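Structure data follow from data_19.cif (mmCIF, C-alpha atoms (C1' of nucleotides) and all ligand atoms):
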```cif
data_start
loop_
_atom_site.label_atom_id
_atom_site.label_comp_id
_atom_site.auth_asym_id
_atom_site.auth_seq_id
_atom_site.Cartn_x
_atom_site.Cartn_y
_atom_site.Cartn_z
CA MET A 53 4.89 -7.97 41.12
CA PRO A 54 4.94 -7.98 37.33
CA ASP A 55 3.96 -4.74 35.63
CA ASN A 56 1.22 -4.53 33.04
CA PHE A 57 3.57 -4.93 30.13
CA THR A 58 5.06 -8.09 31.53
CA LYS A 59 1.64 -9.42 32.35
CA ARG A 60 0.44 -8.70 28.84
CA ALA A 61 3.50 -10.33 27.32
CA GLY A 62 2.92 -13.42 29.44
CA TRP A 63 -0.68 -13.62 28.37
CA CYS A 64 0.34 -13.32 24.73
CA GLN A 65 2.90 -16.05 25.06
CA GLY A 66 0.33 -18.34 26.58
CA ARG A 67 -2.15 -17.62 23.86
CA PHE A 68 0.50 -18.18 21.23
CA LYS A 69 1.53 -21.53 22.64
CA GLY A 70 -2.12 -22.45 22.89
CA TYR A 71 -2.24 -22.44 19.11
CA GLY A 72 0.49 -25.08 19.08
CA TYR A 73 3.42 -23.00 17.91
CA ARG A 74 6.89 -23.15 19.43
CA LEU A 75 7.78 -20.28 21.69
CA THR A 76 11.25 -19.39 20.47
CA LEU A 77 13.46 -16.64 21.85
CA SER A 78 12.82 -14.51 18.77
CA ARG A 79 9.10 -14.88 19.13
CA GLN A 80 9.28 -14.04 22.81
CA ALA A 81 11.23 -10.91 22.01
CA ILE A 82 8.79 -9.84 19.32
CA LEU A 83 5.81 -10.32 21.63
CA ALA A 84 7.65 -8.41 24.36
CA VAL A 85 8.33 -5.48 22.05
CA LEU A 86 4.72 -5.35 20.90
CA SER A 87 3.41 -5.71 24.44
CA ARG A 88 5.31 -2.82 25.88
CA THR A 89 4.51 -0.16 23.28
CA GLY A 90 1.45 1.82 22.36
CA GLU A 91 2.96 2.93 19.06
CA HIS A 92 2.30 1.57 15.61
CA LEU A 93 5.66 0.08 14.70
CA SER A 94 7.01 -0.88 11.30
CA ALA A 95 8.73 -4.23 10.82
CA GLU A 96 12.08 -2.48 10.82
CA GLU A 97 11.38 -0.63 14.06
CA ILE A 98 10.31 -3.90 15.64
CA TYR A 99 13.45 -5.56 14.35
CA HIS A 100 15.66 -2.89 15.94
CA ARG A 101 13.94 -3.24 19.32
CA VAL A 102 14.01 -7.02 19.13
CA HIS A 103 17.69 -6.87 18.34
CA LYS A 104 18.38 -5.23 21.70
CA ILE A 105 16.67 -8.09 23.52
CA HIS A 106 17.92 -10.93 21.35
CA PRO A 107 20.62 -9.75 18.94
CA SER A 108 20.72 -12.87 16.81
CA SER A 109 17.14 -12.51 15.54
CA GLY A 110 16.88 -11.68 11.87
CA MET A 111 14.52 -9.64 9.75
CA SER A 112 13.06 -12.74 8.09
CA THR A 113 11.91 -14.02 11.43
CA VAL A 114 10.39 -10.68 12.34
CA TYR A 115 8.39 -10.65 9.12
CA ARG A 116 7.44 -14.30 9.41
CA THR A 117 6.32 -13.96 12.99
CA LEU A 118 4.33 -10.80 12.36
CA GLU A 119 2.58 -12.51 9.49
CA LEU A 120 1.73 -15.43 11.73
CA LEU A 121 0.48 -13.17 14.52
CA VAL A 122 -1.73 -11.32 12.06
CA GLN A 123 -3.11 -14.61 10.86
CA LEU A 124 -3.87 -15.62 14.45
CA GLN A 125 -5.50 -12.22 14.91
CA MET A 126 -3.16 -11.42 17.77
CA VAL A 127 -1.78 -8.46 15.84
CA HIS A 128 -3.35 -5.92 13.51
CA LYS A 129 -1.53 -4.86 10.37
CA PHE A 130 -2.17 -1.38 9.03
CA ASP A 131 -1.26 0.55 5.94
CA PHE A 132 -1.06 4.26 6.65
CA GLY A 133 0.03 5.10 3.14
CA ASP A 134 3.76 5.65 3.54
CA GLY A 135 4.86 2.44 1.89
CA ARG A 136 5.55 0.33 4.97
CA ALA A 137 3.17 -1.72 7.05
CA ARG A 138 2.57 -0.95 10.74
CA TYR A 139 1.76 -3.47 13.44
CA GLU A 140 -0.23 -3.17 16.65
CA LEU A 141 -0.96 -5.79 19.27
CA GLN A 142 -4.59 -6.73 19.76
CA ARG A 143 -5.07 -6.12 23.45
CA SER A 144 -8.42 -7.53 24.45
CA LYS A 145 -10.22 -9.84 22.11
CA GLU A 146 -13.40 -8.83 23.93
CA ASP A 147 -13.13 -5.46 22.23
CA LYS A 148 -14.86 -2.46 23.79
CA GLU A 149 -11.89 -0.94 25.55
CA ASP A 150 -9.54 -1.87 22.75
CA HIS A 151 -11.58 -0.92 19.71
CA HIS A 152 -10.35 2.30 18.13
CA HIS A 153 -9.76 3.94 14.80
CA HIS A 154 -6.92 6.10 13.48
CA LEU A 155 -6.07 9.66 12.62
CA VAL A 156 -2.93 9.82 10.49
CA CYS A 157 -0.76 12.89 9.89
CA LEU A 158 0.29 13.06 6.25
CA ARG A 159 3.36 15.11 7.10
CA CYS A 160 5.01 13.57 10.18
CA GLN A 161 3.25 10.17 10.03
CA ARG A 162 2.07 10.54 13.63
CA VAL A 163 -0.84 8.21 14.34
CA ILE A 164 -3.52 9.01 16.89
CA ASN A 165 -5.78 6.33 18.28
CA TYR A 166 -9.23 7.68 18.90
CA THR A 167 -12.26 6.12 20.49
CA ASP A 168 -14.58 9.13 20.38
CA PHE A 169 -17.57 8.61 18.12
CA ILE A 170 -16.63 4.96 17.93
CA ASP A 171 -20.09 3.88 19.01
CA ASP A 172 -21.79 5.83 16.23
CA GLU A 173 -19.23 4.61 13.76
CA VAL A 174 -19.51 1.00 14.77
CA GLU A 175 -23.26 1.13 14.59
CA LEU A 176 -23.27 2.66 11.12
CA LEU A 177 -20.62 0.25 9.90
CA LYS A 178 -22.59 -2.72 11.19
CA ARG A 179 -25.73 -1.50 9.50
CA THR A 180 -23.89 -0.84 6.27
CA GLU A 181 -22.21 -4.21 6.37
CA LYS A 182 -25.50 -5.96 6.81
CA GLY A 183 -27.09 -4.07 3.94
CA LEU A 184 -24.17 -4.59 1.60
CA ALA A 185 -23.84 -8.26 2.47
CA LYS A 186 -27.45 -8.84 1.50
CA LYS A 187 -27.55 -6.66 -1.59
CA TYR A 188 -24.29 -7.87 -3.12
CA ASN A 189 -24.28 -11.35 -1.60
CA PHE A 190 -20.89 -10.49 -0.18
CA LYS A 191 -19.35 -11.93 2.97
CA ILE A 192 -17.79 -8.95 4.71
CA MET A 193 -14.84 -9.84 6.89
CA LYS A 194 -13.31 -6.51 7.83
CA HIS A 195 -13.39 -2.81 7.14
CA ILE A 196 -10.92 0.03 7.15
CA LEU A 197 -11.78 3.52 8.32
CA GLN A 198 -9.00 6.06 8.61
CA PHE A 199 -8.79 9.81 8.59
CA TYR A 200 -5.81 11.60 7.07
CA GLY A 201 -4.68 15.18 7.50
CA LEU A 202 -2.31 17.42 9.39
CA CYS A 203 -1.69 17.13 13.09
CA GLU A 204 -1.56 19.99 15.56
CA GLN A 205 2.21 20.37 15.19
CA CYS A 206 2.26 20.10 11.40
CA LYS A 207 -0.74 22.16 10.34
CA ASP A 208 0.90 25.47 11.27
CA ARG A 209 4.42 24.68 10.12
CA GLU A 210 6.03 26.71 7.29
CA MET B 157 -22.10 11.57 -32.68
CA PRO B 158 -19.39 10.89 -30.16
CA ASP B 159 -20.19 8.26 -27.54
CA ASN B 160 -20.00 8.92 -23.83
CA PHE B 161 -16.47 7.65 -23.48
CA THR B 162 -15.20 9.89 -26.23
CA LYS B 163 -17.10 12.82 -24.78
CA ARG B 164 -15.64 12.16 -21.35
CA ALA B 165 -12.14 11.85 -22.76
CA GLY B 166 -12.56 15.15 -24.57
CA TRP B 167 -13.74 16.85 -21.41
CA CYS B 168 -10.75 15.47 -19.50
CA GLN B 169 -8.33 16.66 -22.13
CA GLY B 170 -9.81 20.14 -21.99
CA ARG B 171 -9.62 20.20 -18.23
CA PHE B 172 -6.05 18.97 -18.34
CA LYS B 173 -4.99 21.61 -20.83
CA GLY B 174 -6.77 24.18 -18.74
CA TYR B 175 -4.20 23.57 -16.04
CA GLY B 176 -1.48 24.55 -18.50
CA TYR B 177 0.02 21.15 -19.19
CA ARG B 178 0.99 19.90 -22.64
CA LEU B 179 -1.33 17.34 -24.14
CA THR B 180 1.05 14.73 -25.46
CA LEU B 181 0.07 11.53 -27.25
CA SER B 182 0.93 9.48 -24.16
CA ARG B 183 -1.23 11.64 -21.97
CA GLN B 184 -4.09 11.47 -24.46
CA ALA B 185 -3.83 7.70 -24.48
CA ILE B 186 -3.81 7.49 -20.68
CA LEU B 187 -6.86 9.71 -20.39
CA ALA B 188 -8.60 7.69 -23.10
CA VAL B 189 -7.93 4.43 -21.25
CA LEU B 190 -9.19 5.84 -17.96
CA SER B 191 -12.23 7.41 -19.63
CA ARG B 192 -13.49 4.28 -21.26
CA THR B 193 -13.32 1.91 -18.28
CA GLY B 194 -15.28 1.50 -15.09
CA GLU B 195 -12.63 -0.75 -13.59
CA HIS B 196 -9.97 0.13 -11.06
CA LEU B 197 -6.80 -0.36 -13.04
CA SER B 198 -3.25 -0.77 -11.82
CA ALA B 199 -0.45 1.22 -13.43
CA GLU B 200 0.64 -1.87 -15.29
CA GLU B 201 -2.84 -2.56 -16.65
CA ILE B 202 -3.07 1.03 -17.78
CA TYR B 203 0.34 0.73 -19.40
CA HIS B 204 -0.75 -2.33 -21.37
CA ARG B 205 -3.88 -0.63 -22.65
CA VAL B 206 -2.02 2.56 -23.44
CA HIS B 207 0.50 0.50 -25.35
CA LYS B 208 -2.20 -0.65 -27.77
CA ILE B 209 -3.13 2.95 -28.56
CA HIS B 210 0.36 4.41 -28.55
CA PRO B 211 3.03 1.70 -28.44
CA SER B 212 5.96 3.96 -27.75
CA SER B 213 4.69 5.15 -24.35
CA GLY B 214 6.73 3.95 -21.43
CA MET B 215 5.99 2.96 -17.86
CA SER B 216 7.72 6.04 -16.47
CA THR B 217 5.30 8.25 -18.31
CA VAL B 218 2.33 6.26 -17.12
CA TYR B 219 3.45 6.61 -13.50
CA ARG B 220 4.34 10.28 -13.90
CA THR B 221 1.06 11.13 -15.58
CA LEU B 222 -1.02 9.25 -13.04
CA GLU B 223 0.79 11.04 -10.24
CA LEU B 224 0.05 14.35 -11.93
CA LEU B 225 -3.60 13.48 -12.48
CA VAL B 226 -3.96 12.50 -8.84
CA GLN B 227 -2.41 15.80 -7.81
CA LEU B 228 -4.89 17.65 -10.05
CA GLN B 229 -7.65 15.58 -8.46
CA MET B 230 -8.69 14.29 -11.85
CA VAL B 231 -7.91 10.73 -10.75
CA HIS B 232 -8.31 8.88 -7.46
CA LYS B 233 -5.59 6.53 -6.29
CA PHE B 234 -6.59 3.58 -4.12
CA ASP B 235 -4.82 0.90 -2.16
CA PHE B 236 -6.90 -2.24 -1.95
CA GLY B 237 -4.25 -4.13 -0.02
CA ASP B 238 -2.69 -6.28 -2.71
CA GLY B 239 0.52 -4.31 -3.04
CA ARG B 240 -0.26 -2.26 -6.13
CA ALA B 241 -2.10 1.01 -6.44
CA ARG B 242 -5.31 1.29 -8.42
CA TYR B 243 -6.51 4.33 -10.33
CA GLU B 244 -9.99 5.58 -11.16
CA LEU B 245 -11.03 8.64 -13.07
CA GLN B 246 -12.94 11.28 -11.14
CA ARG B 247 -16.06 11.62 -13.24
CA SER B 248 -17.97 14.63 -12.01
CA LYS B 249 -16.31 17.07 -9.69
CA GLU B 250 -19.80 18.01 -8.60
CA ASP B 251 -19.96 14.69 -6.81
CA LYS B 252 -23.36 13.26 -5.94
CA GLU B 253 -23.67 10.84 -8.83
CA ASP B 254 -19.99 9.99 -8.69
CA HIS B 255 -19.39 9.58 -4.96
CA HIS B 256 -19.09 5.94 -3.99
CA HIS B 257 -17.20 3.59 -1.71
CA HIS B 258 -15.72 0.15 -2.29
CA LEU B 259 -16.28 -3.48 -1.49
CA VAL B 260 -13.13 -5.49 -2.14
CA CYS B 261 -12.92 -9.26 -2.56
CA LEU B 262 -9.91 -10.63 -0.70
CA ARG B 263 -9.73 -13.66 -2.96
CA CYS B 264 -10.22 -12.49 -6.55
CA GLN B 265 -9.55 -8.77 -5.97
CA ARG B 266 -12.85 -7.85 -7.60
CA VAL B 267 -13.91 -4.34 -6.58
CA ILE B 268 -17.55 -3.29 -6.36
CA ASN B 269 -18.53 0.37 -6.33
CA TYR B 270 -21.49 0.99 -4.09
CA THR B 271 -23.54 4.06 -3.42
CA ASP B 272 -26.05 2.54 -1.02
CA PHE B 273 -25.92 4.04 2.47
CA ILE B 274 -23.60 6.68 1.09
CA ASP B 275 -25.74 9.48 2.48
CA ASP B 276 -25.68 8.03 6.00
CA GLU B 277 -21.99 7.34 5.72
CA VAL B 278 -21.15 10.78 4.46
CA GLU B 279 -23.15 12.37 7.22
CA LEU B 280 -21.48 10.30 9.93
CA LEU B 281 -18.05 10.91 8.45
CA LYS B 282 -18.67 14.64 8.35
CA ARG B 283 -19.80 14.65 11.96
CA THR B 284 -16.84 12.56 13.04
CA GLU B 285 -14.41 14.70 11.13
CA LYS B 286 -15.76 17.82 12.75
CA GLY B 287 -15.50 16.31 16.23
CA LEU B 288 -12.01 14.93 15.70
CA ALA B 289 -10.76 18.14 14.14
CA LYS B 290 -11.84 20.07 17.20
CA LYS B 291 -10.72 17.59 19.86
CA TYR B 292 -7.31 16.82 18.41
CA ASN B 293 -6.77 20.13 16.63
CA PHE B 294 -6.26 18.12 13.50
CA LYS B 295 -6.89 19.31 9.95
CA ILE B 296 -8.61 16.39 8.25
CA MET B 297 -8.06 16.25 4.52
CA LYS B 298 -9.38 12.87 3.48
CA HIS B 299 -10.66 9.57 4.74
CA ILE B 300 -10.64 5.99 3.62
CA LEU B 301 -13.56 3.65 4.16
CA GLN B 302 -13.47 0.22 2.55
CA PHE B 303 -15.08 -3.13 3.21
CA TYR B 304 -13.21 -6.35 2.59
CA GLY B 305 -14.52 -9.87 2.28
CA LEU B 306 -15.52 -12.55 -0.17
CA CYS B 307 -17.62 -11.84 -3.24
CA GLU B 308 -20.56 -13.89 -4.43
CA GLN B 309 -18.39 -16.06 -6.66
CA CYS B 310 -15.63 -16.58 -4.12
CA LYS B 311 -17.53 -17.16 -0.88
CA ASP B 312 -18.78 -20.58 -1.92
CA ARG B 313 -15.63 -21.78 -3.63
CA GLU B 314 -13.83 -24.72 -1.97
"C1'" DA C 192 5.04 26.47 -42.32
"C1'" DT C 193 9.37 27.09 -39.49
"C1'" DT C 194 11.71 27.58 -35.55
"C1'" DG C 195 13.13 28.06 -30.57
"C1'" DT C 196 12.52 26.37 -26.22
"C1'" DA C 197 11.14 24.34 -22.23
"C1'" DA C 198 8.30 20.55 -21.08
"C1'" DA C 199 7.87 15.84 -21.49
"C1'" DT C 200 9.52 11.40 -22.69
"C1'" DG C 201 11.41 6.51 -22.59
"C1'" DG C 202 14.32 3.21 -21.04
"C1'" DG C 203 17.14 1.50 -17.99
"C1'" DA C 204 19.35 1.83 -13.55
"C1'" DC C 205 18.06 2.20 -9.01
"C1'" DT C 206 15.52 1.87 -4.32
"C1'" DC C 207 13.66 -0.44 -0.74
"C1'" DA C 208 9.95 -3.15 1.63
"C1'" DT C 209 8.86 -7.69 1.58
"C1'" DT C 210 9.34 -12.67 0.27
"C1'" DC C 211 11.88 -16.71 -0.76
"C1'" DT C 212 15.52 -20.39 -0.33
"C1'" DC C 213 18.05 -23.48 2.02
"C1'" DA C 214 21.53 -25.17 5.03
"C1'" DT C 215 21.66 -24.96 10.06
"C1'" DT C 216 19.69 -24.63 14.75
"C1'" DA C 217 16.70 -25.27 18.59
"C1'" DA C 218 12.01 -26.34 20.89
"C1'" DT C 219 9.43 -30.03 22.33
"C1'" DA C 220 7.71 -34.76 23.08
"C1'" DA C 221 9.03 -39.28 23.91
"C1'" DT D 300 19.03 -37.69 25.96
"C1'" DT D 301 17.58 -38.06 21.79
"C1'" DA D 302 14.75 -37.78 17.58
"C1'" DT D 303 11.91 -35.08 15.05
"C1'" DT D 304 10.67 -31.42 12.63
"C1'" DA D 305 9.39 -26.57 13.21
"C1'" DA D 306 11.80 -22.48 13.05
"C1'" DT D 307 15.68 -19.75 12.01
"C1'" DG D 308 19.15 -16.35 9.85
"C1'" DA D 309 21.70 -14.78 5.99
"C1'" DG D 310 21.45 -13.37 1.87
"C1'" DA D 311 19.45 -13.68 -2.76
"C1'" DA D 312 15.39 -12.60 -5.28
"C1'" DT D 313 11.24 -10.04 -6.27
"C1'" DG D 314 8.55 -6.28 -7.78
"C1'" DA D 315 6.17 -1.80 -7.45
"C1'" DG D 316 7.54 2.51 -7.85
"C1'" DT D 317 11.19 6.36 -8.56
"C1'" DC D 318 15.06 8.63 -10.64
"C1'" DC D 319 18.29 10.18 -14.25
"C1'" DC D 320 19.49 11.99 -18.46
"C1'" DA D 321 20.08 12.15 -23.37
"C1'" DT D 322 16.52 12.74 -26.83
"C1'" DT D 323 12.06 14.10 -28.53
"C1'" DT D 324 7.93 16.81 -28.90
"C1'" DA D 325 4.23 20.36 -28.06
"C1'" DC D 326 3.23 24.67 -28.92
"C1'" DA D 327 3.86 29.76 -28.92
"C1'" DA D 328 6.07 33.11 -31.49
"C1'" DT D 329 7.51 34.22 -35.78
MN MN E 401 -4.01 1.93 16.89
MN MN E 402 -14.57 3.02 -7.57
ZN ZN E 403 2.17 15.79 11.92
ZN ZN E 404 -14.02 -12.73 -5.35
#
```
Take the structure in this file and express it as structure tokens.
Amino acid sequence: MPDNFTKRAGWCQGRFKGYGYRLTLSRQAILAVLSRTGEHLSAEEIYHRVHKIHPSSGMSTVYRTLELLVQLQMVHKFDFGDGRARYELQRSKEDKEDHHHHLVCLRCQRVINYTDFIDDEVELLKRTEKGLAKKYNFKIMKHILQFYGLCEQCKDRE
Amino acid sequence: MPDNFTKRAGWCQGRFKGYGYRLTLSRQAILAVLSRTGEHLSAEEIYHRVHKIHPSSGMSTVYRTLELLVQLQMVHKFDFGDGRARYELQRSKEDKEDHHHHLVCLRCQRVINYTDFIDDEVELLKRTEKGLAKKYNFKIMKHILQFYGLCEQCKDRE
DNA sequence: ATTGTAAATGGGACTCATTCTCATTAATAA
DNA sequence: TTATTAATGAGAATGAGTCCCATTTACAAT
């Protein structure tokens, strides 16, 4: 009986192969790492975890693969403002349960996924997108909405 | 009769001095450049324009001054996803006429300021911030909301 | 105007995330 | 098995931004 992580990794691998790319050991390891975490990992953090599974993988491959996964929309790439990109696996393409936004602590870099208010937000964003697209004749492809501040642990410190 | 740009630059200089900092030629030049543009300039672009006014200014000073201006909230720093920060003068601290969000072209990097829907957006953001602050005991200090896509000129190209 | 002083500067060395290059390896189809 | 060619890993290169420090400059006090 495979656990959820393993199942998810398997599904990802299938999807990946479906696009016609070769499923190498490095790529398997990267997908495994992304599948089994809920964190927002940097390329370096991913590299370290991949290294435990498949020590001969290199940083170049990690970057290359992440870039590819982002392009295939299997992974989301975020910039939380600390100078290094973060990556997060797209869980269900059929959104709803997966769709969330982020709260980022400016002090400890903790990232909280939140789904509260998402419905209101999504509705407003859709409306805004439609209005902007028409007024500026702009094809909107994505948006970024993030809140920054101090988390519970950091706001009282020192 | 000083034009608007000159007036704005003068106002900025006064504000800057009010904080107790020395008004050097480099700083004057940087404020002048920011005052007379509506664009979202990178540090390098600012450096080039400053160089025309005051050729002996260096990049270090441009970066240092921008950092200071951001800290004083006289300038906003943005990341539009192309690997270099952009800077924009805060025009009126008393918001309203100044408050806007951004539409960013992924192809030509053009940035459009828009104020449409701003009221709705601001209201939703305020509500969301309040809810998140309570639920996650998080002190929210700022947010980022940006739309990305293809501008009028780029969407039809090839 | 002159001077004393700390603030600010400029330029070049440095950092560090990411990208590039290229000789070698390995996944897949035949 | 083998041929093909995508993918890799190591390390060099890139480039935005930061840091250091000897020199200069703004400006307050004379
Ligand atoms: Mn997330
Ligand atoms: Mn703007
Ligand atoms: Zn924190
Ligand atoms: Zn464009």
Cut-off 9 Å, all atoms listed in the file, neighbours of ligand MN 402 (chain E) as a list in words: Gly194, Glu195, His196, His232, Phe234, Tyr243, Glu244, Leu245, Asp254, His255, His256, His257, His258, Val267, Ile268, Asn269 and Tyr270 of chain B
Okay, now the selection with C-alpha atoms, as an mmCIF file, in the coordinates of the input?
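See result-v6.cif below for the written result:
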```
data_model
loop_
_atom_site.group_PDB
_atom_site.id
_atom_site.type_symbol
_atom_site.label_atom_id
_atom_site.label_comp_id
_atom_site.auth_asym_id
_atom_site.auth_seq_id
_atom_site.Cartn_x
_atom_site.Cartn_y
_atom_site.Cartn_z
ATOM 1 C CA GLY B 194 -15.280 1.500 -15.090
ATOM 2 C CA GLU B 195 -12.630 -0.750 -13.590
ATOM 3 C CA HIS B 196 -9.970 0.130 -11.060
ATOM 4 C CA HIS B 232 -8.310 8.880 -7.460
ATOM 5 C CA PHE B 234 -6.590 3.580 -4.120
ATOM 6 C CA TYR B 243 -6.510 4.330 -10.330
ATOM 7 C CA GLU B 244 -9.990 5.580 -11.160
ATOM 8 C CA LEU B 245 -11.030 8.640 -13.070
ATOM 9 C CA ASP B 254 -19.990 9.990 -8.690
ATOM 10 C CA HIS B 255 -19.390 9.580 -4.960
ATOM 11 C CA HIS B 256 -19.090 5.940 -3.990
ATOM 12 C CA HIS B 257 -17.200 3.590 -1.710
ATOM 13 C CA HIS B 258 -15.720 0.150 -2.290
ATOM 14 C CA VAL B 267 -13.910 -4.340 -6.580
ATOM 15 C CA ILE B 268 -17.550 -3.290 -6.360
ATOM 16 C CA ASN B 269 -18.530 0.370 -6.330
ATOM 17 C CA TYR B 270 -21.490 0.990 -4.090
#
```
Interface list for chain B, partner chain A, 6 Å threshold, only C-alpha atoms, as a PyMOL selection string: chain B and resi 293-308
Print the selection's residues with C-alpha atoms to a file, as a CSV table (one decimal), keeping the file's coordinate frame.
```csv
chain,number,residue,atom,x,y,z
B,293,ASN,CA,-6.8,20.1,16.6
B,294,PHE,CA,-6.3,18.1,13.5
B,295,LYS,CA,-6.9,19.3,10.0
B,296,ILE,CA,-8.6,16.4,8.2
B,297,MET,CA,-8.1,16.2,4.5
B,298,LYS,CA,-9.4,12.9,3.5
B,299,HIS,CA,-10.7,9.6,4.7
B,300,ILE,CA,-10.6,6.0,3.6
B,301,LEU,CA,-13.6,3.6,4.2
B,302,GLN,CA,-13.5,0.2,2.6
B,303,PHE,CA,-15.1,-3.1,3.2
B,304,TYR,CA,-13.2,-6.4,2.6
B,305,GLY,CA,-14.5,-9.9,2.3
B,306,LEU,CA,-15.5,-12.6,-0.2
B,307,CYS,CA,-17.6,-11.8,-3.2
B,308,GLU,CA,-20.6,-13.9,-4.4
```
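What separates C1' of DT209 in chain C from CA of Val127 in chain A is a distance of 17.8 Å.
The space between CA of Ser94 in chain A and CA of Ala137 in chain A spans 5.8 Å.
One distance worth recording is that between C1' of DG203 in chain C and C1' of DG316 in chain D, which is 14.0 Å.
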Using only C-alpha atoms (C1' of nucleotides) for the distances, tell me which of C:DA192, C:DC205, C:DA198, C:DC213 is nearest to DA311 in chain D.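 Closest residue, counting only C-alpha atoms (C1' of nucleotides): C:DC213.
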Could you pull the residues within 12 Å of DT304 in chain D, counting only C-alpha atoms (C1' of nucleotides), minus those fewer than 5 positions along the same chain, as a list in words?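 What passes the distance filter is Arg74 of chain A; DT216, DA217, DA218, DT219 and DA220 of chain C.
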Give as a PyMOL selection string every residue of chain A that touches chain C within 10 Å, counting all atoms listed in the file. chain A and resi 73-77+95-96+112+115-116+135-137
Select all residues from chain D having any atom no more than 10 Å from an atom of chain B (counting all atoms listed in the file, ignoring ligands), output as a list in words. DG314, DA315, DG316, DT317, DC318, DT324, DA325 and DC326 of chain D
So that I can check the surroundings of Cys64 in chain A, please list as a PyMOL selection string every protein, DNA and RNA residue that reaches within 10 Å of it, counting all atoms listed in the file and ignoring chain neighbours fewer than 3 positions away. chain A and resi 58-61+67-70+80+83-84+86-87+126+141-143
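Distance annotation: of A:Asp208, A:Val174, A:Lys129, A:Arg159, the residue with the minimal separation from ligand MN 401 (chain E) is A:Lys129; atom set is all atoms listed in the file.
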Take every atom of range 303-320 of chain D listed in the file, fit an axis-aligned box around them, add 5 Å per side, and give the centre and edge lengths in Å to one decimal as AutoDock Vina command-line options.
```
--center_x 13.9 --center_y -11.5 --center_z -1.7 --size_x 25.5 --size_y 57.1 --size_z 43.5
```
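Taking all atoms listed in the file into account, DT323 in chain D lies nearest to B:Ser212 out of the set B:Phe236, B:Ser212, B:Arg242, B:Glu223.
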Residue nearest DA305 in chain D among A:Ile82, A:Leu121, A:Gly72, A:Gln161 (counting only C-alpha atoms (C1' of nucleotides)): A:Gly72
